[in-house]
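Worksheet: one structure, shown below.
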Amino acid sequence: MRLSELSRRATAVVDHVEDRETADPISQRLRELGFVTGEEVRVVAVGPFGGDPLVVQVGFTRFALRRQEAARVCLRAQTAAQPTATVIAATETAPPAKVREAA
């Protein structure tokens, strides 16, 4: 599956970014922006009538991509066994619970 085919609010994991030509600058830029193997992505919004652009979230950052750019990103379905970045971040940064002492 490709990122351009992912439905709105759906989440998947990046498998790889496909080069359309030798030293493809768009594919290279997508990798620099964070579309790397194992990264979770989500389509946040879609342009009018299902067209361009797609608003895609990678980590805590959102990008507007044309469908032809998003088609370079190949995905694999997210399995239930894979923890999401949001859940990991929430458990790592949650403050310790206060314990009330008995009087």
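Ordering of the structure tokens sets the chain letters (A, B, ...), residue numbers begin anew at 1 in every chain, and ligands are numbered from 1 in the order given.
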
Would you pick out the contacts of Gln28 in chain A at 12 Å or less, using only C-alpha atoms, so that residues sharing its chain but fewer than 6 positions from it are not included, and give the list as an mmCIF file with N, CA and C atoms, in the first residue's frame?
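That gives us out.cif:
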data_model
loop_
_atom_site.group_PDB
_atom_site.id
_atom_site.type_symbol
_atom_site.label_atom_id
_atom_site.label_comp_id
_atom_site.auth_asym_id
_atom_site.auth_seq_id
_atom_site.Cartn_x
_atom_site.Cartn_y
_atom_site.Cartn_z
ATOM 1 N N HIS A 16 9.209 1.786 3.188
ATOM 2 C CA HIS A 16 10.341 2.434 2.517
ATOM 3 C C HIS A 16 9.829 3.556 1.629
ATOM 4 N N VAL A 17 10.743 4.412 1.182
ATOM 5 C CA VAL A 17 10.426 5.468 0.226
ATOM 6 C C VAL A 17 11.054 5.064 -1.100
ATOM 7 N N GLU A 18 10.218 5.019 -2.119
ATOM 8 C CA GLU A 18 10.635 4.537 -3.437
ATOM 9 C C GLU A 18 11.225 5.675 -4.265
ATOM 10 N N ASP A 19 12.379 5.421 -4.876
ATOM 11 C CA ASP A 19 12.990 6.386 -5.795
ATOM 12 C C ASP A 19 12.397 6.166 -7.176
ATOM 13 N N ARG A 20 11.878 7.224 -7.800
ATOM 14 C CA ARG A 20 11.302 7.118 -9.144
ATOM 15 C C ARG A 20 12.376 7.215 -10.222
ATOM 16 N N GLU A 21 13.508 7.799 -9.866
ATOM 17 C CA GLU A 21 14.634 7.959 -10.788
ATOM 18 C C GLU A 21 15.914 7.904 -9.975
ATOM 19 N N THR A 22 17.041 7.855 -10.630
ATOM 20 C CA THR A 22 18.320 7.836 -9.927
ATOM 21 C C THR A 22 18.493 9.149 -9.167
ATOM 22 N N GLY A 34 11.567 12.697 7.616
ATOM 23 C CA GLY A 34 11.173 11.728 8.635
ATOM 24 C C GLY A 34 10.398 10.533 8.132
ATOM 25 N N PHE A 35 10.174 10.424 6.835
ATOM 26 C CA PHE A 35 9.497 9.256 6.276
ATOM 27 C C PHE A 35 10.526 8.141 6.121
ATOM 28 N N VAL A 36 10.836 7.489 7.237
ATOM 29 C CA VAL A 36 11.847 6.437 7.269
ATOM 30 C C VAL A 36 11.216 5.125 7.740
ATOM 31 N N GLU A 69 3.599 12.831 -4.686
ATOM 32 C CA GLU A 69 4.707 12.739 -3.729
ATOM 33 C C GLU A 69 4.421 11.645 -2.701
ATOM 34 N N ARG A 72 5.165 7.894 -3.390
ATOM 35 C CA ARG A 72 6.529 7.360 -3.255
ATOM 36 C C ARG A 72 6.733 6.622 -1.924
ATOM 37 N N VAL A 73 5.865 6.886 -0.944
ATOM 38 C CA VAL A 73 6.012 6.291 0.395
ATOM 39 C C VAL A 73 5.214 4.989 0.442
#

Checklist line | Shell of 12 Å around Glu32 in chain A, only C-alpha atoms, local chain residues under 5 positions omitted, as a VMD selection string | finding: chain A and resid 17 25 to 27 37 58

Expected file: the selected residues, N, CA and C atoms, as a compact mmCIF listing (two decimals), in the first residue's frame:
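Result file follows (out-v1.txt):
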# COMPACT_ATOMS: atom_id res chain seq x y z
N VAL A 17 10.74 4.41 1.18
CA VAL A 17 10.43 5.47 0.23
C VAL A 17 11.05 5.06 -1.10
N PRO A 25 15.29 13.58 -6.04
CA PRO A 25 15.35 14.61 -4.99
C PRO A 25 14.11 14.63 -4.10
N ILE A 26 12.94 14.30 -4.65
CA ILE A 26 11.72 14.31 -3.83
C ILE A 26 11.76 13.17 -2.82
N SER A 27 12.16 11.98 -3.26
CA SER A 27 12.26 10.84 -2.34
C SER A 27 13.30 11.10 -1.26
N THR A 37 11.87 4.03 7.44
CA THR A 37 11.37 2.71 7.79
C THR A 37 11.03 2.61 9.26
N VAL A 58 3.71 12.79 10.71
CA VAL A 58 4.82 11.88 11.02
C VAL A 58 5.35 12.35 12.36

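CA of Cys74 in chain A is found 19.1 Å from CA of Gly51 in chain A.
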
Item checked: Exercise: Arg76 in chain A partners within 7 Å, only C-alpha atoms, chain neighbours under 5 positions left out, as JSON, numbers by chain -> {"A": [1, 12, 13, 14, 15]}

Item checked: Residue contacts of Ala10 in chain A (9 Å, only C-alpha atoms) excluding same-chain residues fewer than 4 positions away, as a ChimeraX atom specification -> /A:6,41-44

Writer output for current selection, C-alpha atoms, as a PDB file, in the first residue's frame:
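Wrote out-v3.pdb, looks like this:
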ATOM      1  CA  LEU A   6      -4.299   5.534   2.898  1.00  0.00           C
ATOM      2  CA  VAL A  41       2.265   7.952   9.685  1.00  0.00           C
ATOM      3  CA  ARG A  42      -1.332   9.132   9.658  1.00  0.00           C
ATOM      4  CA  VAL A  43      -3.431  10.962   7.076  1.00  0.00           C
ATOM      5  CA  VAL A  44      -4.978  13.886   8.956  1.00  0.00           C
TER       6      VAL A  44
END

Item checked: Nearest to Arg66 in chain A, chosen from A:Leu3, A:Gly47, A:Leu54, A:Arg9, with only C-alpha atoms counted in the distances -> A:Leu54

Next item on the list: Identify, with DSSP run on backbone atoms, the residues in range 6-96 of chain A assigned to helix (DSSP H, G or I), and express the list as a PyMOL selection string.
Entry: chain A and resi 25-33+48-50+67-70+85-93

Notebook entry, point to check: Do you have the CA of Leu75 in chain A-CA of Glu40 in chain A distance handy?
Noted result: 9.3 Å

Next item on the list: Work out how far apart CA of Ala23 in chain A and CA of Ala64 in chain A are and give it in Å to one decimal.
Entry: 22.4 Å
